[in-house]
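What follows is a single structure, written as structure tokens, with notes after it.
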Amino acid sequence: MSINLIIRPAALPDAAAIASVHITARQETYRGMIPDSKLDSELDISARETSWISILTAPKSLVFVALLGGEICGFVSGGITSDLVYFPKTEGRIFDGEIWAIYLLGRVQGKGIGKALVRAMAERLGKEGCKSVIVWGLERNERARGFYECLGGKEVARKMMVIADANLEEVAYGWEDIRTLVSE
């Protein structure tokens with residue numbers, strides 16, 4: 001990779017920068033996909049920073065940040081999933097690792113940073129004993145869906161959710177062998 005990229009585990013001092021990237025990336029990504037009223041209600045950096053402080057200090061919290069030029073431009077969070085409701089053993093699909101969130105600023109998308117973040121998370125989840133991984137995304141987020149498909153993710157489930165009185169469909173992409181995300 002020719003860009004000066006650093007991927008590292010997030011630390012408590014990163015909370016404000018992660019919060020800023022989270023808000024900006026959500027605004028850039030979801031405008032037109034989810035109600036503006038919801039996006040407009042998420043602009044409080046202080047509240048988002050408090051949320052990230054809680055996440056970063058939680059036991060077993062796994063968060064990685066991407067830095068370009070010394071500044072955080074993206075992050076990924078994940079962990080061991082407890083979401084067996086959508087994947088009962090009778091279906092033969094159990095995913096033990098989950099990517100809970102991955103966000104990049106629009107100006108850095110398409111440069112391999114998202115792939116590097118997913119790889120870092122998959123490596124760490126593998127060290128935690130996970131054999132597989134899943135991620136949920138909005139059905140309307142074609143860019144994210146294309147990204148997951150390019151990484152070899154297979155659609156494994158769908159569910160409905162409500163955001164600001166809007167019914168939205170989520171799609172789950174899964175990798176039955178987490179090692180496929182760390183090889184290359």
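Identifiers in the structure tokens: chain A, B, ... in order shown; residue index from 1 per chain; ligand index from 1 in order shown.
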
Write out as a list in words which residues come within 12 Å of Asp44 of chain A when counting only C-alpha atoms, dropping same-chain ones fewer than 5 positions away.
Ala16, Ala19, Ser20, His22, Ile23, Thr24, Leu39, Glu49, Thr50 and Ser51 of chain A

Prev. selection, all heavy atoms, output as a tab-separated table (two decimals), in the first residue's frame:
chain	number	residue	atom	x	y	z
A	16	ALA	N	-12.46	10.99	21.36
A	16	ALA	CA	-13.00	12.18	20.69
A	16	ALA	C	-12.85	12.08	19.17
A	16	ALA	O	-13.78	12.42	18.42
A	16	ALA	CB	-12.32	13.44	21.22
A	19	ALA	N	-15.29	9.55	17.83
A	19	ALA	CA	-16.63	10.13	17.84
A	19	ALA	C	-16.83	11.06	16.65
A	19	ALA	O	-17.87	11.04	15.99
A	19	ALA	CB	-16.85	10.87	19.16
A	20	SER	N	-15.83	11.87	16.35
A	20	SER	CA	-15.93	12.80	15.23
A	20	SER	C	-16.04	12.06	13.91
A	20	SER	O	-16.88	12.39	13.06
A	20	SER	CB	-14.70	13.72	15.23
A	20	SER	OG	-14.75	14.58	14.12
A	22	HIS	N	-17.10	9.00	13.52
A	22	HIS	CA	-18.37	8.28	13.54
A	22	HIS	C	-19.50	9.20	13.07
A	22	HIS	O	-20.30	8.83	12.19
A	22	HIS	CB	-18.64	7.77	14.96
A	22	HIS	CG	-19.66	6.70	15.03
A	22	HIS	ND1	-19.97	6.07	16.21
A	22	HIS	CD2	-20.47	6.13	14.11
A	22	HIS	CE1	-20.91	5.17	16.00
A	22	HIS	NE2	-21.22	5.19	14.72
A	23	ILE	N	-19.57	10.39	13.63
A	23	ILE	CA	-20.64	11.33	13.25
A	23	ILE	C	-20.51	11.73	11.78
A	23	ILE	O	-21.48	11.67	11.02
A	23	ILE	CB	-20.61	12.58	14.16
A	23	ILE	CG1	-21.11	12.19	15.56
A	23	ILE	CG2	-21.47	13.70	13.57
A	23	ILE	CD1	-20.93	13.28	16.60
A	24	THR	N	-19.32	12.13	11.37
A	24	THR	CA	-19.12	12.59	9.99
A	24	THR	C	-19.40	11.47	8.99
A	24	THR	O	-20.09	11.69	7.98
A	24	THR	CB	-17.69	13.13	9.81
A	24	THR	OG1	-17.48	14.20	10.72
A	24	THR	CG2	-17.45	13.60	8.38
A	39	LEU	N	-30.39	11.48	11.55
A	39	LEU	CA	-29.02	11.96	11.35
A	39	LEU	C	-28.81	13.32	12.01
A	39	LEU	O	-27.77	13.55	12.63
A	39	LEU	CB	-28.71	12.04	9.86
A	39	LEU	CG	-28.60	10.71	9.13
A	39	LEU	CD1	-28.47	10.92	7.64
A	39	LEU	CD2	-27.44	9.90	9.67
A	49	GLU	N	-18.76	11.02	22.12
A	49	GLU	CA	-17.48	10.76	22.79
A	49	GLU	C	-17.70	9.97	24.08
A	49	GLU	O	-16.97	9.02	24.37
A	49	GLU	CB	-16.74	12.06	23.09
A	49	GLU	CG	-15.41	11.84	23.76
A	49	GLU	CD	-14.65	13.13	24.04
A	49	GLU	OE1	-15.15	14.22	23.71
A	49	GLU	OE2	-13.55	13.03	24.60
A	50	THR	N	-18.72	10.35	24.84
A	50	THR	CA	-19.05	9.62	26.08
A	50	THR	C	-19.37	8.17	25.77
A	50	THR	O	-18.93	7.25	26.47
A	50	THR	CB	-20.23	10.29	26.81
A	50	THR	OG1	-19.85	11.63	27.15
A	50	THR	CG2	-20.63	9.53	28.05
A	51	SER	N	-20.10	7.94	24.70
A	51	SER	CA	-20.42	6.58	24.28
A	51	SER	C	-19.16	5.81	23.94
A	51	SER	O	-18.98	4.64	24.33
A	51	SER	CB	-21.36	6.63	23.07
A	51	SER	OG	-21.59	5.35	22.55

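Distance check against Val182 of chain A using only C-alpha atoms: of A:Ile7, A:Ile94, A:Val108, A:Met121, the minimum falls on A:Met121.
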
List every residue of chain A that DSSP, applied to the backbone of this structure, places in strand (DSSP E), and write the result as a VMD selection string.
chain A and resid 5 to 9 62 to 68 71 to 80 97 to 104 133 to 138 154 to 163 166 to 175

Can you pull out every residue within 10 Å of Leu125 of chain A, counting only C-alpha atoms, but drop anything in the same chain fewer than 6 positions away, and send it as a PyMOL selection string?
chain A and resi 62+78-80+96-99+119+131-133+178

I need the residues from that last selection saved to file as an mmCIF file, in the first residue's frame (with N, CA and C atoms), if you can.
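Output below, filename again-v1.cif:
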data_model
loop_
_atom_site.group_PDB
_atom_site.id
_atom_site.type_symbol
_atom_site.label_atom_id
_atom_site.label_comp_id
_atom_site.auth_asym_id
_atom_site.auth_seq_id
_atom_site.Cartn_x
_atom_site.Cartn_y
_atom_site.Cartn_z
ATOM 1 N N LEU A 62 -13.156 -4.580 21.400
ATOM 2 C CA LEU A 62 -12.170 -4.652 20.328
ATOM 3 C C LEU A 62 -12.436 -3.512 19.355
ATOM 4 N N GLY A 78 -15.738 -4.542 17.104
ATOM 5 C CA GLY A 78 -16.316 -5.877 17.003
ATOM 6 C C GLY A 78 -16.071 -6.675 18.258
ATOM 7 N N GLY A 79 -16.460 -7.928 18.183
ATOM 8 C CA GLY A 79 -16.273 -8.812 19.319
ATOM 9 C C GLY A 79 -16.945 -10.142 19.089
ATOM 10 N N ILE A 80 -17.081 -10.866 20.168
ATOM 11 C CA ILE A 80 -17.755 -12.162 20.127
ATOM 12 C C ILE A 80 -19.248 -11.905 20.128
ATOM 13 N N ASP A 96 -19.461 -16.804 15.317
ATOM 14 C CA ASP A 96 -19.047 -16.482 16.677
ATOM 15 C C ASP A 96 -18.378 -15.124 16.810
ATOM 16 N N GLY A 97 -17.955 -14.527 15.712
ATOM 17 C CA GLY A 97 -17.381 -13.191 15.738
ATOM 18 C C GLY A 97 -18.278 -12.226 14.985
ATOM 19 N N GLU A 98 -18.242 -10.958 15.387
ATOM 20 C CA GLU A 98 -19.080 -9.970 14.703
ATOM 21 C C GLU A 98 -18.336 -8.641 14.585
ATOM 22 N N ILE A 99 -18.474 -8.028 13.426
ATOM 23 C CA ILE A 99 -18.034 -6.652 13.235
ATOM 24 C C ILE A 99 -19.261 -5.799 13.524
ATOM 25 N N ARG A 119 -9.211 -6.716 8.198
ATOM 26 C CA ARG A 119 -8.156 -7.714 8.415
ATOM 27 C C ARG A 119 -7.663 -7.672 9.864
ATOM 28 N N LYS A 131 -14.003 -18.479 14.918
ATOM 29 C CA LYS A 131 -13.759 -19.221 13.677
ATOM 30 C C LYS A 131 -14.458 -18.582 12.484
ATOM 31 N N SER A 132 -15.454 -17.731 12.754
ATOM 32 C CA SER A 132 -16.252 -17.123 11.695
ATOM 33 C C SER A 132 -16.613 -15.707 12.121
ATOM 34 N N VAL A 133 -17.140 -14.941 11.164
ATOM 35 C CA VAL A 133 -17.501 -13.551 11.482
ATOM 36 C C VAL A 133 -18.684 -13.114 10.634
ATOM 37 N N ILE A 178 -13.031 -17.413 9.164
ATOM 38 C CA ILE A 178 -12.462 -16.090 9.421
ATOM 39 C C ILE A 178 -11.076 -15.943 8.792
#

Might you pull out every residue within 12 Å of segment 71-74 of chain A, with only C-alpha atoms counted and same-chain residues fewer than 4 positions away left off, and present them as number ranges by chain?
A: 4-11, 13-26, 63-67, 101-109, 111-118

Please save N, CA and C atoms of the selected residues as a CSV table (one decimal), in the first residue's frame.
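Saved to out_8.csv:
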chain,number,residue,atom,x,y,z
A,4,ASN,N,0.6,6.2,3.6
A,4,ASN,CA,1.2,6.1,4.9
A,4,ASN,C,0.1,5.8,5.9
A,5,LEU,N,-0.3,4.5,6.0
A,5,LEU,CA,-1.4,4.0,6.8
A,5,LEU,C,-0.9,3.3,8.0
A,6,ILE,N,-1.5,3.6,9.1
A,6,ILE,CA,-1.3,2.9,10.4
A,6,ILE,C,-2.6,2.4,10.9
A,7,ILE,N,-2.6,1.1,11.2
A,7,ILE,CA,-3.8,0.5,11.8
A,7,ILE,C,-3.3,0.0,13.2
A,8,ARG,N,-4.0,0.4,14.2
A,8,ARG,CA,-3.6,0.1,15.6
A,8,ARG,C,-4.8,-0.1,16.5
A,9,PRO,N,-4.7,-0.8,17.6
A,9,PRO,CA,-5.8,-0.8,18.6
A,9,PRO,C,-6.1,0.6,19.1
A,10,ALA,N,-7.4,0.9,19.2
A,10,ALA,CA,-7.8,2.1,19.8
A,10,ALA,C,-7.5,2.2,21.2
A,11,ALA,N,-7.3,3.4,21.7
A,11,ALA,CA,-7.0,3.7,23.1
A,11,ALA,C,-7.9,4.8,23.6
A,13,PRO,N,-7.6,7.8,24.8
A,13,PRO,CA,-7.4,9.1,24.2
A,13,PRO,C,-7.9,9.3,22.8
A,14,ASP,N,-8.3,8.2,22.1
A,14,ASP,CA,-8.8,8.3,20.7
A,14,ASP,C,-10.3,8.5,20.7
A,15,ALA,N,-11.0,8.5,21.9
A,15,ALA,CA,-12.5,8.6,21.9
A,15,ALA,C,-13.0,9.8,21.2
A,16,ALA,N,-12.5,11.0,21.4
A,16,ALA,CA,-13.0,12.2,20.7
A,16,ALA,C,-12.8,12.1,19.2
A,17,ALA,N,-11.7,11.6,18.7
A,17,ALA,CA,-11.5,11.5,17.3
A,17,ALA,C,-12.4,10.4,16.7
A,18,ILE,N,-12.5,9.3,17.4
A,18,ILE,CA,-13.5,8.3,16.9
A,18,ILE,C,-14.9,8.8,16.8
A,19,ALA,N,-15.3,9.5,17.8
A,19,ALA,CA,-16.6,10.1,17.8
A,19,ALA,C,-16.8,11.1,16.6
A,20,SER,N,-15.8,11.9,16.4
A,20,SER,CA,-15.9,12.8,15.2
A,20,SER,C,-16.0,12.1,13.9
A,21,VAL,N,-15.2,11.0,13.7
A,21,VAL,CA,-15.3,10.2,12.5
A,21,VAL,C,-16.6,9.5,12.4
A,22,HIS,N,-17.1,9.0,13.5
A,22,HIS,CA,-18.4,8.3,13.5
A,22,HIS,C,-19.5,9.2,13.1
A,23,ILE,N,-19.6,10.4,13.6
A,23,ILE,CA,-20.6,11.3,13.2
A,23,ILE,C,-20.5,11.7,11.8
A,24,THR,N,-19.3,12.1,11.4
A,24,THR,CA,-19.1,12.6,10.0
A,24,THR,C,-19.4,11.5,9.0
A,25,ALA,N,-18.9,10.3,9.3
A,25,ALA,CA,-19.1,9.2,8.3
A,25,ALA,C,-20.5,8.8,8.2
A,26,ARG,N,-21.2,8.8,9.4
A,26,ARG,CA,-22.7,8.4,9.3
A,26,ARG,C,-23.4,9.5,8.5
A,63,VAL,N,-11.5,-2.6,19.3
A,63,VAL,CA,-11.7,-1.4,18.4
A,63,VAL,C,-10.3,-1.1,17.8
A,64,PHE,N,-10.3,-1.0,16.5
A,64,PHE,CA,-9.0,-0.6,15.8
A,64,PHE,C,-9.3,0.7,15.1
A,65,VAL,N,-8.3,1.6,15.0
A,65,VAL,CA,-8.4,2.8,14.3
A,65,VAL,C,-7.4,2.8,13.1
A,66,ALA,N,-7.7,3.6,12.1
A,66,ALA,CA,-6.9,3.8,10.9
A,66,ALA,C,-6.4,5.3,11.0
A,67,LEU,N,-5.1,5.4,10.8
A,67,LEU,CA,-4.5,6.8,10.8
A,67,LEU,C,-3.8,7.1,9.5
A,101,ALA,N,-19.3,-2.3,13.9
A,101,ALA,CA,-19.3,-1.1,13.2
A,101,ALA,C,-18.0,-0.9,12.4
A,102,ILE,N,-18.1,-0.4,11.2
A,102,ILE,CA,-16.9,0.0,10.5
A,102,ILE,C,-17.3,1.3,9.7
A,103,TYR,N,-16.5,2.4,10.0
A,103,TYR,CA,-16.7,3.7,9.4
A,103,TYR,C,-15.4,4.3,8.9
A,104,LEU,N,-15.5,4.9,7.7
A,104,LEU,CA,-14.4,5.6,7.2
A,104,LEU,C,-14.9,7.0,6.7
A,105,LEU,N,-14.1,8.0,6.8
A,105,LEU,CA,-14.5,9.3,6.2
A,105,LEU,C,-14.5,9.1,4.7
A,106,GLY,N,-15.4,9.8,4.0
A,106,GLY,CA,-15.6,9.6,2.6
A,106,GLY,C,-14.4,9.8,1.8
A,107,ARG,N,-13.6,10.8,2.2
A,107,ARG,CA,-12.4,11.2,1.4
A,107,ARG,C,-11.3,10.1,1.4
A,108,VAL,N,-11.4,9.1,2.3
A,108,VAL,CA,-10.4,8.0,2.3
A,108,VAL,C,-10.9,6.7,1.8
A,109,GLN,N,-12.2,6.6,1.5
A,109,GLN,CA,-12.7,5.3,1.0
A,109,GLN,C,-12.1,5.0,-0.4
A,111,LYS,N,-9.4,3.2,-0.8
A,111,LYS,CA,-7.9,3.2,-0.7
A,111,LYS,C,-7.3,2.0,0.0
A,112,GLY,N,-8.2,1.0,0.3
A,112,GLY,CA,-7.7,-0.2,1.0
A,112,GLY,C,-7.8,-0.1,2.5
A,113,ILE,N,-8.2,1.0,3.0
A,113,ILE,CA,-8.2,1.2,4.5
A,113,ILE,C,-9.3,0.4,5.1
A,114,GLY,N,-10.4,0.3,4.6
A,114,GLY,CA,-11.5,-0.6,5.1
A,114,GLY,C,-11.0,-2.0,5.2
A,115,LYS,N,-10.4,-2.5,4.1
A,115,LYS,CA,-9.9,-3.9,4.1
A,115,LYS,C,-8.9,-4.1,5.2
A,116,ALA,N,-8.0,-3.1,5.4
A,116,ALA,CA,-7.0,-3.2,6.4
A,116,ALA,C,-7.6,-3.3,7.8
A,117,LEU,N,-8.6,-2.5,8.0
A,117,LEU,CA,-9.3,-2.5,9.3
A,117,LEU,C,-10.0,-3.9,9.5
A,118,VAL,N,-10.7,-4.4,8.5
A,118,VAL,CA,-11.4,-5.7,8.6
A,118,VAL,C,-10.3,-6.8,8.9

Counting only C-alpha atoms, which residues of segment 75-141 of chain A sit at most 8 Å from some atom of segment 168-175 of chain A, and what is each one's closest atom pair with its distance in Å to one decimal, listed by chain and rising residue number, as JSON lines?
{"residue": "A:Phe95", "atom": "CA", "partner": "A:Gly174", "partner_atom": "CA", "distance": 7.4}
{"residue": "A:Ser132", "atom": "CA", "partner": "A:Trp175", "partner_atom": "CA", "distance": 5.6}
{"residue": "A:Val133", "atom": "CA", "partner": "A:Trp175", "partner_atom": "CA", "distance": 5.4}
{"residue": "A:Ile134", "atom": "CA", "partner": "A:Gly174", "partner_atom": "CA", "distance": 4.3}
{"residue": "A:Val135", "atom": "CA", "partner": "A:Tyr173", "partner_atom": "CA", "distance": 5.4}
{"residue": "A:Trp136", "atom": "CA", "partner": "A:Ala172", "partner_atom": "CA", "distance": 4.3}
{"residue": "A:Gly137", "atom": "CA", "partner": "A:Glu170", "partner_atom": "CA", "distance": 5.4}
{"residue": "A:Leu138", "atom": "CA", "partner": "A:Glu170", "partner_atom": "CA", "distance": 4.4}
{"residue": "A:Glu139", "atom": "CA", "partner": "A:Glu170", "partner_atom": "CA", "distance": 5.1}
{"residue": "A:Arg140", "atom": "CA", "partner": "A:Glu169", "partner_atom": "CA", "distance": 7.8}

Please identify every residue of segment 12-55 of chain A that has at least one atom no farther than 8 Å from an atom of segment 155-165 of chain A, counting only C-alpha atoms, and for each give the shortest atom pair and the distance in Å to one decimal, arranged by chain then increasing number, as CSV.
residue,atom,partner,partner_atom,distance
A:Ile34,CA,A:Ile163,CA,7.1
A:Pro35,CA,A:Ala164,CA,6.5
A:Ser37,CA,A:Ala164,CA,7.2
A:Lys38,CA,A:Ala164,CA,5.9

Those same residues - N, CA, C and O atoms - I'd like them written as a compact mmCIF listing (two decimals), in the first residue's frame.
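And here is the file that came out, selection24.txt:
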# COMPACT_ATOMS: atom_id res chain seq x y z
N ILE A 34 -31.46 6.87 5.59
CA ILE A 34 -32.26 6.87 6.81
C ILE A 34 -32.79 8.29 7.00
O ILE A 34 -32.27 9.25 6.43
N PRO A 35 -33.86 8.45 7.78
CA PRO A 35 -34.47 9.78 7.92
C PRO A 35 -33.48 10.85 8.39
O PRO A 35 -32.68 10.62 9.29
N SER A 37 -34.09 13.33 10.13
CA SER A 37 -34.33 13.66 11.55
C SER A 37 -33.43 12.85 12.46
O SER A 37 -32.93 13.35 13.46
N LYS A 38 -33.18 11.60 12.11
CA LYS A 38 -32.28 10.75 12.90
C LYS A 38 -30.85 11.25 12.78
O LYS A 38 -30.14 11.41 13.77
